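Asker: If you scroll down you'll find the structure; I have some questions about it.
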Amino acid sequence: MITLDHVSFWYRGAPRPVLSDVTLTIREGELVLLAGRTGSGKSTLLGTVNGLVPHFAGGHLAGTATVDGVSTRSRPPREFAHLVGMVGQDPLAGFVTDTVEDELAYGMEQLGVAPQVMRRRVEETLDLLGIAELRRRPLRTLSGGQQQRVAIGAVLTMHPKVLVLDEPTSALDPIAAEDVLATLARLVQDLGTTVLMAEHRLERVVPFADRFLYLPGDGSIVDGEPAGVLAGMPIAPPIVELGRVAGWSPLPLSVRDARRLAEPIRRDLAAGPAPRRPAPAGTEPATLTATGIVVRYGATVAVRGVDLDLRSGTVLAMMGRNGSGKSSLLWAVQGSGPRQGGTVRVDGVDPVDLPSARARRLVGMVPQSAGDLLYLESVAQECAAADRESDATPGTCRFLLDELAPGIDPDQHPRDLSEGQRLALVLAIQLTAAPPVLLLDEPTRGLDYNAKAALGRQIAYLTDQGRAVVVATHDVEFVATVADRVVVLAEGEVVSDGPTVDVLGGSPAFATQVAKIIGPDWLTVSEVAAALHQEVR
Amino acid sequence: MGSTWFLPRDLHPAAWWVWALGLATAASRTTNPWLLGLIVAVASLVVIARRGEAPWALAFRLYLVLAGFIVTMRVLFRIIFGGAEGSTIILRLPEIPLPAWAAGIRLFGAVSAESVLGGFYDGLRLATMVVCLGAANALANPKRLLKAMPAALYEVGTAVTVALSVFPQLAESVLRVRRARKLRGGTGKGVRALRGIVIPILADALDRSLLLAASMDSRGYGRAGVATTRARAATGVLMIVGLLGVCVGVYATLDGSTPRYLATPVLVAGLVIAVLGFRAAGRRVHRTRYRPDRWLLAEIVVAASGVAVAVVMFGTSRVDPTNLNPSLITLSWPLLSWPPLIGVLIGVTPALLAPPPLELEKAPA
């Protein structure tokens, strides 16, 4: 179906190719998963399939890419619309019309499909994706998962033979992501569509994949069965890491397989002591106390009287589905967002009463789209501006940045940094004001495993300095490694609040892969590894 | 037909526009306050009977307010600036002497009934036309109107649709970035603060437009065959000449004093040329429409009722001009004769015969 023959690609002015001499063939009906660090060429590879690379992206392509026997060299992407359906990371950015039905029909209108056929295909697709009740809704009012399903539907109506998805679940909460992935699995099973998908959160997708492509970042590609490729990969979902620690072969890819293999380990671990954890927060006074926080937008109540204590040197993870009030709560606590009721106390003052330049010295925040804070041409300029804004000694911000993410070129444009580096820069800028409390809203969004591990280290650095950190995130595995305490919000209310192991281990929705395999007391691979290691000694 | 006639559906937007323009044309031919009031009443009645729940439908009230404002302003202006044409003085205001260079302008002074009435009639005519346009806006879904555009204007339609969806995004982006600026303590003033807001917004907008362009390209936008330069030039000339003809024709038709040969013949010729141009431009487009609005009998009835109002008014203006434009020289109660009255009443047909609109889908709270 898709053939890449000695494909290499250089972006204009780049010294090294992003892809070098890639040769592969993807057969009809395969679900192929694509993984690699940010900037390793995943999106570029996906773009070659319908000719967006090089026709749209610009640059130099050597070799040939063919889809269904047609070379992408000869025709622009629009001539591949009926063969290849492209779905991007941000569905809203790709929508052309404003209601669900029109969006589903848009591609077919361009292809000149007959009106009767169009009508039928729209109905079929609405049912296939389970979005029939949304048909007349404006696209902007849909939730992220619904939008992503509409985006998939909008290309499916053209009956493409190949579906190409670039991180389709990166912006979604776990449940919405499951929905989208289940939909994709069904498409492969029922319609025999060839699916090529790039994804960071491997743990969820690997069980569905027939084949796995790993891009190490040097332009080459590792191609093979998922288990085989994962075994040799430096980045891997927890289930695979657990398999490596336990020495299982072949590596299990689904929780079900792993549970069967893990029986002896479970027995051994159950006999030994539960993993040691830091003692629950003492009776020391809280750094930040929030009581009865209320946030409402018109008739909608986003946060309904939430109380929150933050203690220095600890990490609080805030979880809950999209729209459960996490962001609103963080903004209200910081003082820049709306707040209709309740009080916040840091050092005896409420940040909302202070001008924003002083409020940020009490409570710092990194918003969801961290790039909004950056507006200068180079990293050095941003750092200098941060020092000025915080009245800090010149060089403070740069020093912090080097602590968090060493080796960023000061002359680079902030927009050219990777997601992880940009996050580190914003973090450094906010830390320059030395706030005792730092709030991070969805920092893991769009980060690969390495960047997430780096973020984990950065958070540890913050708590070592005695700061209180709040992380709002959907990423259960990340929470398990960094957080001391977890608060789960639903409809603006706290539904559970407690030590990480109690909240995550006890619930099927939030359990980590390790907890699902070994048991609710064990959250991360490193805990299991430590226990096994002790036993061996 | 009978059983499906009254099933709720959205009428073709062009039908509403033809109906409303018919009423507006009729209004433009008369200054008789009874008739104008009747036209406003007819338009309002139809709007109330057949409008949906969409935001644009609720804007009709604004048009009524605007109409009231127009009438008031016209009358006020007549009172303030020279209202003494005519013999029946109803109000004597002290005149404010103006310097010599302002000769010809008079402030206050005597106000005559003729002058005030003239202002009222004139304002009412304009206000009625505004109300007719407001009615069309309230009844026809503007988005569907975009979709109903001829194939040749498809690109323009797409651009407008995209622009409409980009505006809320831009507003969101502005709010987000301003809030983010606060996190950096950025309450500074002047160019620096502006830059801190404008640069992220522009960067965001550019990113989005690139994503949108990539998405449209990979979904087949612009697949339709490419025309030769000569064909494109010919199409352009045909369309421009045609539209010019239509403009001249419409003007001549509405203005009774221009030569008649500029009216109907030029209008028809312009229409024909424009249609040819659209046809030529549309022929190279291989695109289809999803659920296009169909032009059924109900659409014909609605459009025809509007046209009938205009036609009757034109007919009666030849027969009985005095009652359509009441005299301002000899003051008397304006009279109403039967033919124009019945003509305007035809315009109420859609309130009874047009199918009701679809209920608006609401997002669950």
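All residue names refer to the structure tokens as shown: chains lettered A, B, ... in order, residues numbered from 1 in each chain, ligands numbered from 1 in order.
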Can you check which residues of chain A have any atom within 6 Å of chain B? Use only C-alpha atoms and format it as a list of chain:residue names.

Answerer: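 Residues satisfying the distance criterion: A:Pro77, A:Arg78, A:Ala81, A:Ala93, A:Gly94, A:Gly107, A:Glu109, A:Gln110, A:Gly112, A:Pro115, A:Ser356, A:Ala357, A:Asp372, A:Leu373, A:Tyr375.
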
Asker: Could you tell me which of A:Arg149, A:Lys452, A:Lys516, A:Arg311 comes closest to A:Val470 if we count only C-alpha atoms?

Answerer: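 The shortest atom-to-atom distance to A:Val470 comes from A:Arg311.
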
Asker: Considering only C-alpha atoms, return as an mmCIF file with C-alpha atoms, in the first residue's frame whatever protein or nucleic-acid residues lie within 10 Å of B:Leu243, sequence-local ones (same chain, fewer than 2 positions apart) excluded.

Answerer:
data_model
loop_
_atom_site.group_PDB
_atom_site.id
_atom_site.type_symbol
_atom_site.label_atom_id
_atom_site.label_comp_id
_atom_site.auth_asym_id
_atom_site.auth_seq_id
_atom_site.Cartn_x
_atom_site.Cartn_y
_atom_site.Cartn_z
ATOM 1 C CA VAL B 237 -14.792 40.223 -18.049
ATOM 2 C CA LEU B 238 -18.201 38.564 -18.470
ATOM 3 C CA MET B 239 -18.885 38.728 -14.747
ATOM 4 C CA ILE B 240 -17.792 42.327 -14.275
ATOM 5 C CA VAL B 241 -19.693 43.625 -17.325
ATOM 6 C CA GLY B 245 -25.262 46.095 -16.194
ATOM 7 C CA VAL B 246 -27.267 44.788 -13.275
ATOM 8 C CA CYS B 247 -26.283 47.797 -11.149
ATOM 9 C CA VAL B 248 -27.237 50.319 -13.833
ATOM 10 C CA GLY B 249 -30.469 48.442 -14.546
ATOM 11 C CA LEU B 267 -31.112 44.930 -16.278
ATOM 12 C CA GLY B 270 -26.739 42.468 -17.407
ATOM 13 C CA LEU B 271 -28.364 39.495 -15.710
ATOM 14 C CA VAL B 272 -27.870 37.318 -18.780
ATOM 15 C CA ILE B 273 -24.209 38.261 -19.122
ATOM 16 C CA ALA B 274 -23.551 37.740 -15.405
ATOM 17 C CA VAL B 275 -25.223 34.330 -15.463
ATOM 18 C CA GLY B 277 -20.015 34.457 -16.608
#

Asker: Hey, what's within 7 Å of stretch 207-216 of chain A if we count only C-alpha atoms and toss same-chain stuff fewer than 4 positions away? As an MDAnalysis selection string, please?

Answerer: chainID A and resid 30:36 40 185 220:226 229 253:254

Asker: Would you kindly return, as a list in words, each protein, DNA or RNA residue with an atom no farther than 8 Å from any atom of stretch 490-493 of chain A, considering only C-alpha atoms and excluding same-chain residues fewer than 3 positions away?

Answerer: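 In the requested form, the answer reads Val301, Ala302, Val303, Arg304, Gly305, Val306, Gly320, Arg321, Gly323, Ser324, Gly325 and Lys326 of chain A.
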
Asker: The selected residues should be written to file as a short mmCIF file (atom, residue, chain, number, x, y, z; two decimals), in the first residue's frame (atoms: N, CA and C atoms).

Answerer:
data_model
loop_
_atom_site.label_atom_id
_atom_site.label_comp_id
_atom_site.auth_asym_id
_atom_site.auth_seq_id
_atom_site.Cartn_x
_atom_site.Cartn_y
_atom_site.Cartn_z
N VAL A 301 -20.71 26.39 36.77
CA VAL A 301 -19.81 26.43 37.91
C VAL A 301 -18.61 25.56 37.59
N ALA A 302 -17.41 26.16 37.54
CA ALA A 302 -16.22 25.39 37.18
C ALA A 302 -15.57 24.79 38.42
N VAL A 303 -15.53 25.56 39.49
CA VAL A 303 -14.96 25.07 40.75
C VAL A 303 -15.96 25.38 41.85
N ARG A 304 -16.27 24.33 42.64
CA ARG A 304 -17.38 24.43 43.60
C ARG A 304 -16.84 24.32 45.01
N GLY A 305 -16.35 25.41 45.57
CA GLY A 305 -15.91 25.41 46.97
C GLY A 305 -14.82 24.40 47.29
N VAL A 306 -13.66 24.51 46.66
CA VAL A 306 -12.59 23.55 46.89
C VAL A 306 -11.61 24.09 47.94
N GLY A 320 -8.26 14.47 36.78
CA GLY A 320 -9.68 14.62 36.49
C GLY A 320 -9.82 14.83 35.00
N ARG A 321 -11.00 14.53 34.48
CA ARG A 321 -11.18 14.62 33.04
C ARG A 321 -11.13 16.06 32.56
N GLY A 323 -12.18 19.54 31.54
CA GLY A 323 -13.35 20.31 31.93
C GLY A 323 -13.79 20.05 33.36
N SER A 324 -12.96 19.36 34.17
CA SER A 324 -13.38 19.10 35.54
C SER A 324 -13.01 20.24 36.47
N GLY A 325 -12.35 21.27 35.95
CA GLY A 325 -12.08 22.45 36.77
C GLY A 325 -10.63 22.58 37.22
N LYS A 326 -9.75 21.72 36.71
CA LYS A 326 -8.34 21.76 37.15
C LYS A 326 -7.71 23.11 36.83
#

Asker: Using only C-alpha atoms, which residues sit within 12 Å of B:Ala49 once same-chain residues fewer than 6 positions away are excluded, as a ChimeraX atom specification?

Answerer: /B:42-43,57,135,138-139,348-357

Asker: Could you write out that same residue set with N, CA and C atoms as a PDB file, in the first residue's frame?

Answerer:
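Written output follows (out.pdb):
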ATOM      1  N   VAL B  42     -46.243  43.727   8.120  1.00  0.00           N
ATOM      2  CA  VAL B  42     -46.201  42.450   7.398  1.00  0.00           C
ATOM      3  C   VAL B  42     -44.855  41.759   7.634  1.00  0.00           C
ATOM      4  N   ALA B  43     -43.763  42.529   7.479  1.00  0.00           N
ATOM      5  CA  ALA B  43     -42.435  41.940   7.666  1.00  0.00           C
ATOM      6  C   ALA B  43     -42.289  41.391   9.086  1.00  0.00           C
ATOM      7  N   ALA B  57     -31.370  35.413  14.179  1.00  0.00           N
ATOM      8  CA  ALA B  57     -32.813  35.592  14.108  1.00  0.00           C
ATOM      9  C   ALA B  57     -33.279  36.546  15.207  1.00  0.00           C
ATOM     10  N   ALA B 135     -35.520  41.745   8.240  1.00  0.00           N
ATOM     11  CA  ALA B 135     -36.364  40.550   8.194  1.00  0.00           C
ATOM     12  C   ALA B 135     -35.654  39.445   7.436  1.00  0.00           C
ATOM     13  N   ALA B 138     -33.032  37.946   9.554  1.00  0.00           N
ATOM     14  CA  ALA B 138     -33.535  37.124  10.647  1.00  0.00           C
ATOM     15  C   ALA B 138     -34.046  35.779  10.143  1.00  0.00           C
ATOM     16  N   LEU B 139     -34.531  35.767   8.913  1.00  0.00           N
ATOM     17  CA  LEU B 139     -35.174  34.547   8.423  1.00  0.00           C
ATOM     18  C   LEU B 139     -34.215  33.625   7.696  1.00  0.00           C
ATOM     19  N   VAL B 348     -47.819  38.839   3.196  1.00  0.00           N
ATOM     20  CA  VAL B 348     -47.972  38.125   4.468  1.00  0.00           C
ATOM     21  C   VAL B 348     -48.091  36.613   4.247  1.00  0.00           C
ATOM     22  N   THR B 349     -48.214  36.214   2.982  1.00  0.00           N
ATOM     23  CA  THR B 349     -48.387  34.785   2.674  1.00  0.00           C
ATOM     24  C   THR B 349     -47.386  33.872   3.386  1.00  0.00           C
ATOM     25  N   PRO B 350     -46.059  34.203   3.391  1.00  0.00           N
ATOM     26  CA  PRO B 350     -45.112  33.265   4.013  1.00  0.00           C
ATOM     27  C   PRO B 350     -45.438  32.956   5.461  1.00  0.00           C
ATOM     28  N   ALA B 351     -46.057  33.908   6.169  1.00  0.00           N
ATOM     29  CA  ALA B 351     -46.387  33.644   7.570  1.00  0.00           C
ATOM     30  C   ALA B 351     -47.344  32.469   7.676  1.00  0.00           C
ATOM     31  N   LEU B 352     -48.116  32.243   6.628  1.00  0.00           N
ATOM     32  CA  LEU B 352     -49.085  31.149   6.655  1.00  0.00           C
ATOM     33  C   LEU B 352     -48.595  29.935   5.887  1.00  0.00           C
ATOM     34  N   LEU B 353     -47.895  30.175   4.762  1.00  0.00           N
ATOM     35  CA  LEU B 353     -47.622  29.069   3.852  1.00  0.00           C
ATOM     36  C   LEU B 353     -46.191  28.551   3.872  1.00  0.00           C
ATOM     37  N   ALA B 354     -45.252  29.277   4.490  1.00  0.00           N
ATOM     38  CA  ALA B 354     -43.885  28.759   4.524  1.00  0.00           C
ATOM     39  C   ALA B 354     -43.793  27.694   5.607  1.00  0.00           C
ATOM     40  N   PRO B 355     -43.006  26.644   5.377  1.00  0.00           N
ATOM     41  CA  PRO B 355     -42.846  25.639   6.433  1.00  0.00           C
ATOM     42  C   PRO B 355     -42.099  26.244   7.619  1.00  0.00           C
ATOM     43  N   PRO B 356     -42.427  25.801   8.832  1.00  0.00           N
ATOM     44  CA  PRO B 356     -41.753  26.355  10.017  1.00  0.00           C
ATOM     45  C   PRO B 356     -40.272  25.955  10.040  1.00  0.00           C
ATOM     46  N   PRO B 357     -39.438  26.747  10.726  1.00  0.00           N
ATOM     47  CA  PRO B 357     -37.999  26.440  10.753  1.00  0.00           C
ATOM     48  C   PRO B 357     -37.685  25.282  11.679  1.00  0.00           C
TER      49      PRO B 357
END

Asker: Record the distance separating atom CA of A:Asp484 and atom CA of A:Arg398, expressed in Å with one decimal.

Answerer: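 If I compute the distance from atom CA of A:Asp484 to atom CA of A:Arg398, I get 28.9 Å.
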
Asker: Mind the document's chain letters and residue numbers, and return as a list in words the residues of stretch 309-367 of chain A that DSSP labels alpha helix (DSSP H).

Answerer: Lys326, Ser327, Ser328, Leu329, Leu330, Trp331, Ala332, Val333, Gln334, Ser356, Ala357, Arg358 and Ala359 of chain A

Asker: Please provide the set of residues having any atom within 6 Å of A:Val469, restricted to only C-alpha atoms, with same-chain residues fewer than 3 positions apart removed, written as a count of residues only.

Answerer: 4

Asker: Among the residues of stretch 23-266 of chain B, find those DSSP assigns to strand (DSSP E) from the backbone and print them as an MDAnalysis selection string.

Answerer: chainID B and resid 89:92 110:112
